[in-house]
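Written below as structure tokens is the structure these notes are about.
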Amino acid sequence: MSHSTSVAPSTNPNDLGTSSIGSLLLKYSLPAIIASLATSLYNIVDSIFIGRGVGAMAITGLAIAFPLMNLVVAFCVLVAVGGSTISSIFLGQRNAAKAAEVVGTVTILCITHSAVIMGIGLAFIDDILFLFGATEATLPYAREFMFIILLGTPVSYVFLGLNNLMRATGYPRKAMISALLSVGVNVIVAPLMIFVLKRGIAGAAMATIIGQSSAFIWVLCHFCSKKSYIHFTRGCWRLQWNLVRKIYAIGLSPFLMNCCACVVVVFINKALLSTAVGDGNLAVGAYGIINRTAMFFVMVVFGITQGMQPILGYNYGAAQWERVKAALYKGILLGVCVAGTGFLVTELFPNVISGMFTTDASMIAIARDGFRIFFMFYPLVGAQIVIQNYFQSIGKPKLSIFLSLTRQLIFLVPLLWILPPRLGVDGVWIALCSSDFIAFALALITVIIMNKRIARDLNKQQIKHDTEA
């Protein structure tokens, strides 16, 4: 694998070490935010299509399938995020040749992971869905959706893996276009499948795979082109085990974050089914509505962190502490603003949001109460996510893993065990918002302590570099 020597200034990743942090955040985060917004909007629109075109139980079936779909994606994120972070750090160290070797390794790992996950998922699909809270009423919907999603995993994995690398190697706009292409095709095909062809929830899953297939072709063309800064060559198709270990080490944090989120959903769904007054499936469906809405704002924050990742990785690799610090602080501010918007919207318009997804009055009422409690400390979630991803972006996966575990597992699970039996469904919402607050406090303390050490180490590296120069 090699890289072109005639790189346009607008796509030269070396700009990450010289351009202003504000302009770089705009250049890298805005496309990622737009792509994340498009994906989030699709998830919401898709749920609306399913809720109104198939029914309330289909919404609950989708709520059951959604965390399992995230678990499937987690094994791709393990490779995609690790690979993009390492490539950015290598570029910051002026080691473009080493950064180029990442692409082939990531592609091979994505194909391998997808084959294994698809096989296991299809073999045990009913057992897994029952574990996630499916009932006899909701299993057919969840199974129908996930069967098609699992069949499409090879395409999904390669698309997501290469799209992350496209952004990390200096092409944030092209990465945005690939995400928009996937969503655009999806939004066009989904209503045709559901309302015209009457394919139900399976039609929504087919639309998802068709959209990702179009984006898969786009990113593949990019890395096959010799005009790209990093592209495929004959020598790239071999696994380098030292590189694989580094990819797994850094990608482990978002992987565990996704896994924890899926495990916690099992506890949440079980708590809702056991404590809800009346049909527990409606409470699970209401949580699906709340979760989809929450993910809309979380995905925007993830867009910010995706844009920050190459900036942080490059400047950390180049031992430029002031630039690392500036990117972190600006990212935290943006994260709080986005999550704060989520707080305001859901507190003011819970009925409107719930009514978009379903016409079932009972489900709307449960979701309305959930919105007002769940989002109580939501502005702090934006800061916590940025801090967590900051440690991941500078190659400190253990800290990132620790912070992801605190919010989604260590604090939340005990609260889910204690509160719902005493407070009912409201106890689930209180447990969720309480864990958000505690996790933010811990993340803030951690970043303050660790930044003192990181600043000292990077300043020593910079002095050493200047002396040698």
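We label chains A, B, ... in the order they appear in the structure tokens, count residues from 1 in each chain, and number ligands from 1 in the order shown.
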inquiry  = Please identify the alpha helix (DSSP H) residues within segment 207-453 of chain A (assignment by DSSP from backbone atoms) and present them as a PyMOL selection string.
reply    = chain A and resi 207-224+241-275+280-317+321-348+350-357+361-374+378-393+397-405+412-418+420-423+425-453
request  = Would you mind reading off the distance between atom CA of Ala327 of chain A and atom CA of Phe377 of chain A, one decimal, in Å?
outcome  =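 So the two atoms, atom CA of Ala327 of chain A and atom CA of Phe377 of chain A, lie 23.9 Å apart.
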Closest of A:Ile463, A:Leu129, A:Val79, A:Val73 to Val266 of chain A - atom-to-atom distances counting only C-alpha atoms =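 Once distances to Val266 of chain A are computed over only C-alpha atoms, the minimum belongs to A:Leu129.
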task = Just the residues within 12 Å of Phe130 of chain A, please, counting only C-alpha atoms, with nothing from its chain fewer than 2 positions along; format it as a VMD selection string.
result = chain A and resid 61 64 to 65 68 124 to 128 132 to 140 142 to 143 266 269 to 270
key: Residue among A:Gln93, A:Ser84, A:Asn186, A:Asn389 lying closest to Asn315 of chain A, counting only C-alpha atoms   =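 The answer is A:Gln93, which sits nearest to Asn315 of chain A.
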What's the 12 Å shell around Gly17 of chain A, counting only C-alpha atoms, without same-chain residues fewer than 2 positions away, as a compact mmCIF listing (two decimals) with C-alpha atoms, in the first residue's frame?
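Here's the written file part27.txt:
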```
# COMPACT_ATOMS: atom_id res chain seq x y z
CA ASN A 12 -3.64 16.80 3.33
CA PRO A 13 -3.81 15.31 6.84
CA ASN A 14 -0.69 17.27 7.81
CA ASP A 15 -3.01 20.29 8.09
CA SER A 19 -4.45 24.84 10.91
CA SER A 20 -6.49 26.48 13.68
CA ILE A 21 -8.38 24.08 15.94
CA SER A 23 -11.37 25.57 11.52
CA LEU A 24 -10.30 21.92 11.82
CA SER A 88 -4.27 9.34 12.64
CA ILE A 89 -1.51 8.84 15.22
CA LEU A 91 0.14 10.45 10.32
CA GLY A 92 0.90 12.76 13.24
CA GLN A 93 4.25 10.99 13.58
CA ARG A 94 4.89 11.62 9.85
CA PRO A 310 -8.07 12.75 13.77
CA ILE A 311 -7.30 16.18 15.29
CA LEU A 312 -6.59 14.72 18.73
CA GLY A 313 -4.73 11.68 17.41
CA TYR A 314 -2.50 13.68 15.06
CA ASN A 315 -1.56 16.39 17.57
CA TYR A 316 -1.06 13.89 20.38
CA GLY A 317 1.28 11.95 18.09
CA ALA A 318 3.06 15.23 17.30
CA ALA A 319 3.31 16.10 21.05
CA GLN A 320 1.41 19.39 20.62
CA TRP A 321 -0.36 19.60 23.97
CA GLU A 322 -1.91 23.04 23.59
CA ARG A 323 -3.67 21.93 20.41
CA VAL A 324 -4.85 18.71 22.06
CA ALA A 327 -9.68 20.49 20.75
```
task = Pick out the residues sitting within 9 Å of segment 41-58 of chain A, and hand them over as a ChimeraX atom specification; count only C-alpha atoms, and ignore anything fewer than 6 positions along from it in its own chain.
result = /A:137-138,140-142,183-184,186-187,190-191,194-195,198,200-201,204,281-282,285,289,292-293,295-296,356-360,363
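In terms of minimum interatomic distance to Glu347 of chain A, A:Met376 ranks closest within A:Leu442, A:Ala326, A:Ala99, A:Met376, counting only C-alpha atoms.
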task = Identify, on the basis of only C-alpha atoms, every residue whose closest approach to Thr446 of chain A does not exceed 12 Å; exclude the query and any residue fewer than 5 positions from it along the same chain; express the result as a list in words.
result =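 Listed by chain and then number, they are Gln384, Ile387, Gln388, Tyr390, Phe391, Leu399, Ser400, Phe402, Leu403, Ala439, Phe440, Ala441, Asn451, Lys452, Arg453 and Ile454 of chain A.
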message = One number please: atom CA of Tyr28 of chain A to atom CA of Thr105 of chain A, in Å, one decimal.
response =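 Atom-to-atom, atom CA of Tyr28 of chain A and atom CA of Thr105 of chain A are spaced 24.0 Å apart.
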query = Hey, can you check how far atom CA of Phe216 of chain A sits from atom CA of Leu151 of chain A?
reply = 15.0 Å
inquiry  = Could you check the closest approach to Phe343 of chain A for each of A:Gly395, A:Pro379, A:Gly331, A:Gly355 and tell me which residue wins, using only C-alpha atoms?
reply    =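 The shortest atom-to-atom distance to Phe343 of chain A comes from A:Pro379.
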message = I need the residue nearest Ala38 of chain A from this list: A:Ala123, A:Val300, A:Ala205, A:Ala294. Use only C-alpha atoms for the distance.
response =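 For Ala38 of chain A, the nearest of the given residues is A:Val300.
Counting only C-alpha atoms and comparing A:Asn291, A:Ser36, A:Ser225, A:Gln309, the residue that lies closest to Ser178 of chain A is A:Ser36.
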